[in-house]
Amino acid sequence: MKKLSVWLLAVLAALAIAGCASQKGPAEQAVASAESALASVRDMAQKYAPEQLGGVEAQLQSLKDSLAQGDYKGVLAAAPALTTAISSLKDTATAKQAEAEAALAKAKDAWGPMSADVPKMVDAIQSRVDILSKSHHLPKGVTKDSLQAAESGLSSMKSAWSDASNAASSGDFTTAMSKGQAVKDQATQIMQSLGMSSS
Amino acid sequence: MADDKTPAAADNPYTQTHTVQSGDTLSKIAQKYYGDASLYTKIFEANRDQLKDPNRIFPGQKLRIP
């Protein structure tokens, strides 16, 4: 009886080892496939879905740890979830990339009129400020404070416009539009303060 | 951004305009927009394409106010 038990245990152990060995290859393959799939989307994900990428990286690391510990069964059990997570990551990053590209194209289109308008607004303000600074009395509705604010505003607008133009030159039309709109808003406000609406 | 301010006013849509009313003079217009009648020459120079004489402006004329 005792001999039979020892023999049975030996057979079971051999089967277990054989079973493990048969899972090692598929487990290694599963990790390699996941690494390869993640590598193909990593750059895009880093830019457009960094937080989600972090979660997927952690899942992959956990799978690698299991593989290193010989837990092939665990690797094979967890691999489908990782595959799904990588696929979802790819979908998210692709959608966000498309959104960003659409926003950039929209900003690029809007930059043309903006880049034509704002310098003319600034020129008109500069001209009026130059003339008003020679005036002995300010016109009705224009105060010394508003003229002074316009003078300092011109300086800050020129600087901000230069930043916006540089952003546009480097292809960053989103930043260019954001900075340009701020200059345009400031110019509009200054024109109002100087009574520059046409009659 | 133009350095020569007055000529730039000609093709600048943001340059203010004034439609001449009966009784207007360049001095009165300068007084209204600049607070100083003596600055009428700024308006005259900005409108040389349509004004030959600063003393001759007509109702309905649309003047640029730089």
# chains A, B, ... in the order shown; residues from 1 in each chain; ligands from 1

call {"tool": "residues_around", "arguments": {"residues": "region 50-57 of chain B", "least_positions_apart": "6", "cutoff": "8 Å", "atoms": "only C-alpha atoms", "output": "PyMOL selection string"}}
result
chain B and resi 20+24-26+41+44

call {"tool": "write_last_selection", "arguments": {"atoms": "C-alpha atoms", "output": "compact mmCIF listing (two decimals), in the first residue's frame"}}
result
# COMPACT_ATOMS: atom_id res chain seq x y z
CA VAL B 20 -19.41 114.23 -41.58
CA ASP B 24 -18.77 119.78 -38.91
CA THR B 25 -15.23 121.06 -39.38
CA LEU B 26 -12.03 119.10 -38.99
CA THR B 41 -4.13 117.89 -39.13
CA PHE B 44 -6.56 115.67 -42.59

call {"tool": "closest_atom_pairs", "arguments": {"of": "chain A", "to": "chain B", "cutoff": "10 Å", "atoms": "only C-alpha atoms", "output": "CSV"}}
result
residue,atom,partner,partner_atom,distance
A:Asp117,CA,B:Tyr14,CA,8.4
A:Val118,CA,B:Met1,CA,9.1
A:Pro119,CA,B:Met1,CA,5.3
A:Lys120,CA,B:Asn12,CA,6.0
A:Met121,CA,B:Tyr14,CA,5.6
A:Val122,CA,B:Met1,CA,7.3
A:Asp123,CA,B:Met1,CA,5.9
A:Ala124,CA,B:Thr15,CA,5.4
A:Ile125,CA,B:Thr15,CA,8.4
A:Gln126,CA,B:Lys5,CA,7.7
A:Ser127,CA,B:Lys5,CA,5.5
A:Arg128,CA,B:Pro66,CA,5.8
A:Val129,CA,B:Pro66,CA,9.5
A:Asp130,CA,B:Lys5,CA,9.0
A:Ile131,CA,B:Tyr34,CA,7.4
A:Leu132,CA,B:Tyr34,CA,5.9
A:Ser133,CA,B:Tyr34,CA,9.3
A:Lys134,CA,B:Leu39,CA,8.3
A:Ser135,CA,B:Asp36,CA,5.5
A:His136,CA,B:Asp36,CA,6.1
A:His137,CA,B:Gly35,CA,5.0
A:Leu138,CA,B:Gly35,CA,4.5
A:Pro139,CA,B:Gly35,CA,3.8
A:Lys140,CA,B:Gly35,CA,7.1
A:Gly141,CA,B:Tyr33,CA,9.9
A:Val142,CA,B:Gly35,CA,9.1
A:Lys158,CA,B:Met1,CA,9.0
A:Thr188,CA,B:Tyr14,CA,10.0
A:Met191,CA,B:Tyr14,CA,9.2
A:Leu194,CA,B:Tyr33,CA,9.2
A:Gly195,CA,B:Tyr33,CA,7.9
A:Met196,CA,B:Gln16,CA,5.7
A:Ser197,CA,B:Gln16,CA,6.1
A:Ser198,CA,B:Gln16,CA,4.9
A:Ser199,CA,B:His18,CA,5.3

call {"tool": "write_last_selection", "arguments": {"atoms": "C-alpha atoms", "output": "CSV table (one decimal), in the first residue's frame"}}
result
chain,number,residue,atom,x,y,z
A,117,ASP,CA,-6.9,91.3,-37.3
A,118,VAL,CA,-4.9,91.7,-34.1
A,119,PRO,CA,-1.9,93.7,-35.5
A,120,LYS,CA,-4.3,96.1,-37.1
A,121,MET,CA,-6.2,96.6,-33.8
A,122,VAL,CA,-2.9,97.2,-32.1
A,123,ASP,CA,-1.8,99.7,-34.9
A,124,ALA,CA,-5.1,101.6,-34.5
A,125,ILE,CA,-4.7,101.8,-30.8
A,126,GLN,CA,-1.0,102.9,-31.1
A,127,SER,CA,-2.0,105.6,-33.5
A,128,ARG,CA,-4.7,106.9,-31.2
A,129,VAL,CA,-2.5,106.7,-28.1
A,130,ASP,CA,0.2,108.7,-30.0
A,131,ILE,CA,-2.2,111.4,-30.9
A,132,LEU,CA,-4.0,111.5,-27.5
A,133,SER,CA,-0.6,111.8,-25.8
A,134,LYS,CA,-0.1,115.1,-27.8
A,135,SER,CA,-3.5,116.4,-26.9
A,136,HIS,CA,-3.8,119.3,-24.4
A,137,HIS,CA,-7.2,117.9,-23.2
A,138,LEU,CA,-8.5,114.5,-23.4
A,139,PRO,CA,-11.9,113.9,-25.2
A,140,LYS,CA,-15.1,113.3,-23.3
A,141,GLY,CA,-15.1,109.8,-21.8
A,142,VAL,CA,-11.4,109.3,-21.9
A,158,LYS,CA,3.0,93.5,-28.3
A,188,THR,CA,-11.1,95.4,-27.8
A,191,MET,CA,-10.4,100.5,-27.9
A,194,LEU,CA,-10.5,105.2,-25.7
A,195,GLY,CA,-13.9,105.7,-27.3
A,196,MET,CA,-12.8,104.2,-30.6
A,197,SER,CA,-16.2,103.0,-31.8
A,198,SER,CA,-17.1,104.5,-35.1
A,199,SER,CA,-20.0,107.0,-35.4

call {"tool": "select_by_dssp", "arguments": {"residues": "chain B", "states": "helix (DSSP H, G or I)", "output": "number ranges by chain"}}
result
B: 5-11, 26-34, 37-46

call {"tool": "write_last_selection", "arguments": {"atoms": "C-alpha atoms", "output": "tab-separated table (two decimals), in the first residue's frame"}}
result
chain	number	residue	atom	x	y	z
B	5	LYS	CA	0.81	105.24	-38.27
B	6	THR	CA	-1.16	107.63	-40.44
B	7	PRO	CA	-0.84	105.85	-43.82
B	8	ALA	CA	-1.61	102.57	-42.06
B	9	ALA	CA	-5.01	103.97	-41.10
B	10	ALA	CA	-6.08	103.90	-44.77
B	11	ASP	CA	-6.44	100.15	-45.01
B	26	LEU	CA	-12.03	119.10	-38.99
B	27	SER	CA	-11.29	121.14	-35.88
B	28	LYS	CA	-14.64	120.23	-34.35
B	29	ILE	CA	-14.09	116.59	-35.21
B	30	ALA	CA	-10.59	116.72	-33.70
B	31	GLN	CA	-12.04	118.31	-30.59
B	32	LYS	CA	-14.59	115.52	-30.33
B	33	TYR	CA	-12.19	112.61	-30.78
B	34	TYR	CA	-8.94	114.01	-29.41
B	37	ALA	CA	-9.03	121.03	-32.05
B	38	SER	CA	-5.44	121.79	-33.06
B	39	LEU	CA	-4.91	118.11	-33.84
B	40	TYR	CA	-7.20	118.37	-36.90
B	41	THR	CA	-4.13	117.89	-39.13
B	42	LYS	CA	-3.96	114.25	-38.00
B	43	ILE	CA	-7.41	113.70	-39.47
B	44	PHE	CA	-6.56	115.67	-42.59
B	45	GLU	CA	-3.40	113.64	-43.21
B	46	ALA	CA	-5.24	110.36	-42.69

call {"tool": "closest_residue", "arguments": {"among": "A:Tyr48, A:Pro26, A:Ser152, A:Ser162", "to": "Ala98 (chain A)", "atoms": "only C-alpha atoms"}}
result
A:Tyr48

call {"tool": "atom_distance", "arguments": {"atom1": "CA of Trp111 (chain A)", "atom2": "CA of Ala176 (chain A)"}}
result
7.5 Å

call {"tool": "residues_around", "arguments": {"residues": "Glu51 (chain A)", "least_positions_apart": "6", "cutoff": "10 Å", "atoms": "only C-alpha atoms", "output": "ChimeraX atom specification"}}
result
/A:45,57,89

call {"tool": "write_last_selection", "arguments": {"atoms": "N, CA and C atoms", "output": "compact mmCIF listing (two decimals), in the first residue's frame"}}
result
# COMPACT_ATOMS: atom_id res chain seq x y z
N ALA A 45 -0.06 56.57 -26.56
CA ALA A 45 -0.74 56.54 -25.26
C ALA A 45 -0.07 57.48 -24.26
N GLU A 57 0.50 49.44 -17.85
CA GLU A 57 1.90 49.07 -17.58
C GLU A 57 1.98 48.25 -16.28
N LEU A 89 -6.92 50.87 -24.28
CA LEU A 89 -5.95 51.97 -24.26
C LEU A 89 -5.73 52.53 -25.67

call {"tool": "residues_around", "arguments": {"residues": "Glu28 (chain A)", "least_positions_apart": "4", "cutoff": "8 Å", "atoms": "only C-alpha atoms", "output": "JSON, numbers by chain"}}
result
{"A": [24, 32, 67]}

call {"tool": "atom_distance", "arguments": {"atom1": "CA of Ala27 (chain A)", "atom2": "CA of Tyr72 (chain A)"}}
result
5.4 Å

call {"tool": "select_by_dssp", "arguments": {"residues": "chain B", "states": "strand (DSSP E)", "output": "list of chain:residue names"}}
result
B:Gln16, B:Thr17, B:His18, B:Thr19, B:Lys62, B:Leu63, B:Arg64, B:Ile65

call {"tool": "atom_distance", "arguments": {"atom1": "CA of Gly54 (chain A)", "atom2": "CA of Ala105 (chain A)"}}
result
28.9 Å

call {"tool": "residues_around", "arguments": {"residues": "Lys73 (chain A)", "least_positions_apart": "3", "cutoff": "7 Å", "atoms": "only C-alpha atoms", "output": "ChimeraX atom specification"}}
result
/A:23,76-77

call {"tool": "decode", "arguments": {"residues": "region 153-180 of chain A", "atoms": "N, CA and C atoms", "output": "CSV table (one decimal), in the first residue's frame"}}
result
chain,number,residue,atom,x,y,z
A,153,GLY,N,-0.9,98.9,-21.8
A,153,GLY,CA,-1.5,97.7,-22.5
A,153,GLY,C,-0.9,97.4,-23.8
A,154,LEU,N,-0.5,98.5,-24.5
A,154,LEU,CA,0.2,98.3,-25.8
A,154,LEU,C,1.4,97.5,-25.7
A,155,SER,N,2.2,97.8,-24.7
A,155,SER,CA,3.4,97.1,-24.5
A,155,SER,C,3.2,95.6,-24.2
A,156,SER,N,2.2,95.4,-23.3
A,156,SER,CA,2.0,93.9,-23.0
A,156,SER,C,1.4,93.2,-24.2
A,157,MET,N,0.5,93.9,-24.9
A,157,MET,CA,-0.1,93.3,-26.1
A,157,MET,C,1.0,92.9,-27.1
A,158,LYS,N,1.9,93.8,-27.3
A,158,LYS,CA,3.0,93.5,-28.3
A,158,LYS,C,3.8,92.3,-27.9
A,159,SER,N,4.1,92.2,-26.6
A,159,SER,CA,4.9,91.1,-26.1
A,159,SER,C,4.1,89.8,-26.3
A,160,ALA,N,2.8,89.9,-25.8
A,160,ALA,CA,2.0,88.6,-25.9
A,160,ALA,C,1.7,88.2,-27.4
A,161,TRP,N,1.6,89.2,-28.3
A,161,TRP,CA,1.4,88.9,-29.7
A,161,TRP,C,2.6,88.2,-30.3
A,162,SER,N,3.8,88.7,-29.8
A,162,SER,CA,5.0,88.1,-30.3
A,162,SER,C,5.1,86.6,-29.9
A,163,ASP,N,4.6,86.3,-28.6
A,163,ASP,CA,4.6,84.9,-28.1
A,163,ASP,C,3.6,84.1,-29.0
A,164,ALA,N,2.5,84.7,-29.3
A,164,ALA,CA,1.4,84.0,-30.1
A,164,ALA,C,2.0,83.7,-31.5
A,165,SER,N,2.6,84.7,-32.1
A,165,SER,CA,3.2,84.5,-33.4
A,165,SER,C,4.3,83.4,-33.4
A,166,ASN,N,5.1,83.4,-32.4
A,166,ASN,CA,6.1,82.4,-32.3
A,166,ASN,C,5.5,81.0,-32.1
A,167,ALA,N,4.4,80.9,-31.4
A,167,ALA,CA,3.8,79.6,-31.2
A,167,ALA,C,3.2,79.1,-32.5
A,168,ALA,N,2.6,80.1,-33.3
A,168,ALA,CA,2.1,79.7,-34.6
A,168,ALA,C,3.2,79.3,-35.5
A,169,SER,N,4.3,80.0,-35.5
A,169,SER,CA,5.4,79.6,-36.4
A,169,SER,C,6.0,78.2,-36.1
A,170,SER,N,5.8,77.8,-34.8
A,170,SER,CA,6.3,76.5,-34.5
A,170,SER,C,5.2,75.4,-34.6
A,171,GLY,N,4.1,75.8,-35.2
A,171,GLY,CA,3.0,74.9,-35.4
A,171,GLY,C,2.0,74.7,-34.3
A,172,ASP,N,2.3,75.4,-33.2
A,172,ASP,CA,1.4,75.2,-32.0
A,172,ASP,C,0.2,76.2,-32.1
A,173,PHE,N,-0.7,75.9,-33.0
A,173,PHE,CA,-1.8,76.9,-33.3
A,173,PHE,C,-2.8,77.0,-32.1
A,174,THR,N,-2.9,75.9,-31.3
A,174,THR,CA,-3.8,76.0,-30.1
A,174,THR,C,-3.3,77.1,-29.2
A,175,THR,N,-2.0,77.0,-28.9
A,175,THR,CA,-1.4,78.0,-28.0
A,175,THR,C,-1.5,79.4,-28.6
A,176,ALA,N,-1.2,79.5,-29.9
A,176,ALA,CA,-1.2,80.7,-30.6
A,176,ALA,C,-2.6,81.4,-30.6
A,177,MET,N,-3.6,80.6,-30.8
A,177,MET,CA,-5.0,81.1,-30.7
A,177,MET,C,-5.3,81.5,-29.3
A,178,SER,N,-4.9,80.8,-28.3
A,178,SER,CA,-5.2,81.1,-26.9
A,178,SER,C,-4.6,82.5,-26.6
A,179,LYS,N,-3.3,82.6,-26.9
A,179,LYS,CA,-2.6,83.9,-26.6
A,179,LYS,C,-3.2,85.0,-27.5
A,180,GLY,N,-3.4,84.7,-28.7
A,180,GLY,CA,-3.9,85.7,-29.7
A,180,GLY,C,-5.3,86.2,-29.2
